[in-house]
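Engineer: Quick one: the structure is below, and I'll ask about it shortly.
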Amino acid sequence: MRESEIIDLFLRHLNRQGDLPLGDDAGALKLGEKWLVATNDMLVRKTDVPDIMTPEQVGFKAVTMNVSDIASMGARPVGFLFSLGIPGDLDSDYLEGIARGIGGALDFYGLPVLSADTNEADDLIIDGIALGLAERPLTRSGARPGELLCVTGDLGRALAGYLVWRNGLEVSDAVRKALYEKFLKPKARVEEGIALSKVASSAIDISDGLAKELYLLAEMSGVGIEVYPERLPIGEGVEEVAGLLGLDPVEVALASGEEFELVFTVSPDLADSIDFEFSVIGVVTPGKGVYSVVNGNKKPVPRLGWEHLSHQKVYNH
């Protein structure tokens, strides 16, 4: 079964949910005047850790992937919990590196660790939980026609870095550094998420690929989305790597997962009040579906990205 099918199966049986319906980056409970936001995300070495990733980067990533979900809900992260599944042959130095990485990430995000557990497993597993507090949680279902579609940061470097590593491509040291920064040690957009909670109508983080996240946003909000490819903020080195492999850099940007940038929608009259850099990449429309628009011509955006237990886990080239 595909990941999406497994999620649908369990949702049919999980009738007791939080104060927000399941389906967002995190769940939430209303506690007085604030919302407690909670998420959990699992890192598995076999599927999530390339062999050039240091154990410190593994630990840092395990925290970031959870904190990013909290950020996308417009919440300030306040605590982290985790469980470790450890194979019996895991080197103690490697395990200490993971501990340093988790500790470094907690320092970076200013988080306390609240609880932890260990158990034996067939592969290295780090199952994290992050908690946050929000004044107004952002969801994937709030986008409305007429709003702007926006994204933080740049796109494509994570996948381009993966493609450099997987294909043994020769690129300059500067390009490799730029790509591997996003591929091996991405950062969550915490302060941006908190700021967006005051003005955005919806948000989602890019963990599985921009195209896949846009379809989720459109489907959960009951709207259509139009993307202008020439406005995508394609990151340094992405076009060079795409050229070496005969790929379209726009499709690399659309497919790139684990970017941990925030995609959000906002009313045009509120966009000027946002005090951090972002790119307007499209608009929300009536209807349904996600389309690219070039010179007035519309065509569906391919559903590029990552899905566990699928035969197309990354951009298929």
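We label chains A, B, ... in the order they appear in the structure tokens, count residues from 1 in each chain, and number ligands from 1 in the order shown.
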Please provide the set of residues having any atom within 8 Å of range 87-101 of chain A, restricted to only C-alpha atoms, with same-chain residues fewer than 2 positions apart removed, written as a PyMOL selection string.
Structural biologist: chain A and resi 54-60+85+103-105+120-124
Engineer: Kindly provide the residues of range 21-96 of chain A that approach range 139-149 of chain A to within 12 Å, each paired with its closest atom pair and their distance in Å to one decimal, based on only C-alpha atoms, listed by chain and increasing number, as a Markdown table.
Structural biologist:
| residue | atom | partner | partner_atom | distance |
| --- | --- | --- | --- | --- |
| A:Pro21 | CA | A:Thr139 | CA | 9.7 |
| A:Leu22 | CA | A:Thr139 | CA | 10.2 |
| A:Gly23 | CA | A:Arg140 | CA | 8.0 |
| A:Asp24 | CA | A:Thr139 | CA | 6.0 |
| A:Asp25 | CA | A:Thr139 | CA | 7.8 |
| A:Ala26 | CA | A:Thr139 | CA | 8.8 |
| A:Gly27 | CA | A:Thr139 | CA | 9.6 |
| A:Ala28 | CA | A:Thr139 | CA | 10.3 |
| A:Val37 | CA | A:Thr139 | CA | 11.4 |
| A:Asp69 | CA | A:Thr139 | CA | 10.9 |
| A:Ile70 | CA | A:Thr139 | CA | 11.0 |
| A:Ala71 | CA | A:Thr139 | CA | 11.2 |
| A:Ser72 | CA | A:Thr139 | CA | 8.1 |
| A:Met73 | CA | A:Thr139 | CA | 6.2 |
| A:Gly74 | CA | A:Thr139 | CA | 8.8 |
| A:Ala75 | CA | A:Thr139 | CA | 11.2 |
Engineer: Could you list, as a compact mmCIF listing (two decimals) with N, CA, C and O atoms, in the first residue's frame, every residue within 12 Å of Gly237 in chain A, counting only C-alpha atoms and ignoring same-chain residues fewer than 6 positions away?
Structural biologist:
# COMPACT_ATOMS: atom_id res chain seq x y z
N ASP A 154 14.39 29.67 -1.31
CA ASP A 154 14.56 29.21 -2.69
C ASP A 154 14.23 27.74 -2.80
O ASP A 154 14.06 27.05 -1.79
N LEU A 155 14.15 27.26 -4.03
CA LEU A 155 13.66 25.92 -4.28
C LEU A 155 14.64 25.12 -5.15
O LEU A 155 15.32 25.67 -6.00
N GLY A 156 14.67 23.81 -4.92
CA GLY A 156 15.38 22.90 -5.80
C GLY A 156 16.74 22.43 -5.32
O GLY A 156 17.26 21.43 -5.82
N ARG A 157 17.34 23.14 -4.36
CA ARG A 157 18.70 22.77 -3.96
C ARG A 157 18.77 21.40 -3.29
O ARG A 157 19.76 20.68 -3.43
N ALA A 158 17.73 21.04 -2.54
CA ALA A 158 17.77 19.74 -1.86
C ALA A 158 17.82 18.59 -2.86
O ALA A 158 18.64 17.68 -2.74
N LEU A 159 16.94 18.62 -3.85
CA LEU A 159 16.93 17.56 -4.86
C LEU A 159 18.17 17.64 -5.75
O LEU A 159 18.75 16.61 -6.10
N ALA A 160 18.60 18.85 -6.10
CA ALA A 160 19.80 18.98 -6.93
C ALA A 160 21.02 18.41 -6.19
O ALA A 160 21.87 17.76 -6.80
N GLY A 161 21.10 18.65 -4.89
CA GLY A 161 22.19 18.07 -4.10
C GLY A 161 22.13 16.56 -4.10
O GLY A 161 23.16 15.88 -4.23
N LEU A 163 20.84 14.72 -6.45
CA LEU A 163 21.21 14.25 -7.78
C LEU A 163 22.72 14.32 -8.01
O LEU A 163 23.30 13.44 -8.68
N VAL A 164 23.38 15.33 -7.45
CA VAL A 164 24.84 15.40 -7.52
C VAL A 164 25.46 14.21 -6.83
O VAL A 164 26.36 13.54 -7.36
N GLU A 170 30.27 16.14 -11.34
CA GLU A 170 31.36 17.07 -11.08
C GLU A 170 30.82 18.50 -11.16
O GLU A 170 30.38 18.94 -12.22
N VAL A 171 30.80 19.18 -10.03
CA VAL A 171 30.38 20.58 -9.98
C VAL A 171 31.41 21.34 -9.16
O VAL A 171 32.24 20.75 -8.45
N SER A 172 31.37 22.66 -9.24
CA SER A 172 32.34 23.47 -8.51
C SER A 172 32.11 23.34 -7.02
O SER A 172 31.02 22.98 -6.55
N ASP A 173 33.14 23.67 -6.24
CA ASP A 173 33.03 23.61 -4.78
C ASP A 173 31.93 24.54 -4.27
O ASP A 173 31.21 24.21 -3.33
N ALA A 174 31.80 25.71 -4.91
CA ALA A 174 30.79 26.67 -4.48
C ALA A 174 29.38 26.13 -4.70
O ALA A 174 28.50 26.26 -3.84
N VAL A 175 29.17 25.51 -5.86
CA VAL A 175 27.86 24.94 -6.15
C VAL A 175 27.57 23.76 -5.23
O VAL A 175 26.47 23.64 -4.67
N ARG A 176 28.55 22.90 -5.04
CA ARG A 176 28.36 21.75 -4.15
C ARG A 176 28.00 22.21 -2.74
O ARG A 176 27.11 21.65 -2.09
N LYS A 177 28.70 23.24 -2.26
CA LYS A 177 28.43 23.76 -0.92
C LYS A 177 27.01 24.28 -0.82
O LYS A 177 26.30 24.01 0.17
N ALA A 178 26.58 25.04 -1.83
CA ALA A 178 25.22 25.60 -1.81
C ALA A 178 24.16 24.50 -1.83
O ALA A 178 23.15 24.58 -1.11
N LEU A 179 24.37 23.47 -2.63
CA LEU A 179 23.40 22.39 -2.73
C LEU A 179 23.39 21.52 -1.49
O LEU A 179 22.33 21.17 -0.96
N TYR A 180 24.57 21.16 -1.01
CA TYR A 180 24.64 20.27 0.15
C TYR A 180 24.17 20.95 1.43
O TYR A 180 23.73 20.28 2.37
N GLU A 181 24.23 22.28 1.49
CA GLU A 181 23.70 22.99 2.64
C GLU A 181 22.22 22.67 2.83
O GLU A 181 21.75 22.43 3.95
N LYS A 182 21.47 22.64 1.73
CA LYS A 182 20.04 22.35 1.80
C LYS A 182 19.76 20.85 1.83
O LYS A 182 18.82 20.39 2.48
N GLY A 243 20.93 21.01 -16.11
CA GLY A 243 21.53 20.97 -17.45
C GLY A 243 22.43 19.78 -17.65
O GLY A 243 22.44 19.17 -18.74
N LEU A 244 23.20 19.41 -16.63
CA LEU A 244 24.09 18.26 -16.73
C LEU A 244 23.32 16.96 -16.96
O LEU A 244 23.83 16.02 -17.58
N PRO A 249 14.85 22.58 -14.96
CA PRO A 249 15.05 23.09 -13.60
C PRO A 249 13.76 23.44 -12.89
O PRO A 249 13.68 23.34 -11.65
N VAL A 252 12.60 20.24 -11.41
CA VAL A 252 13.43 19.92 -10.25
C VAL A 252 12.93 20.71 -9.04
O VAL A 252 12.79 20.17 -7.93
N ALA A 253 12.64 22.00 -9.23
CA ALA A 253 12.13 22.83 -8.14
C ALA A 253 10.78 22.33 -7.65
O ALA A 253 10.50 22.35 -6.45
Engineer: For Arg136 in chain A, which residue out of A:Phe264, A:Tyr291, A:Phe108, A:Trp35 is the nearest one, using only C-alpha atoms?
Structural biologist: A:Trp35
Engineer: Near Thr64 in chain A, counting only C-alpha atoms, which residues have an atom at most 8 Å away, once you skip same-chain residues fewer than 6 positions from it, shown as a list in words?
Structural biologist: Ala105, Pro186, Lys187 and Ala188 of chain A
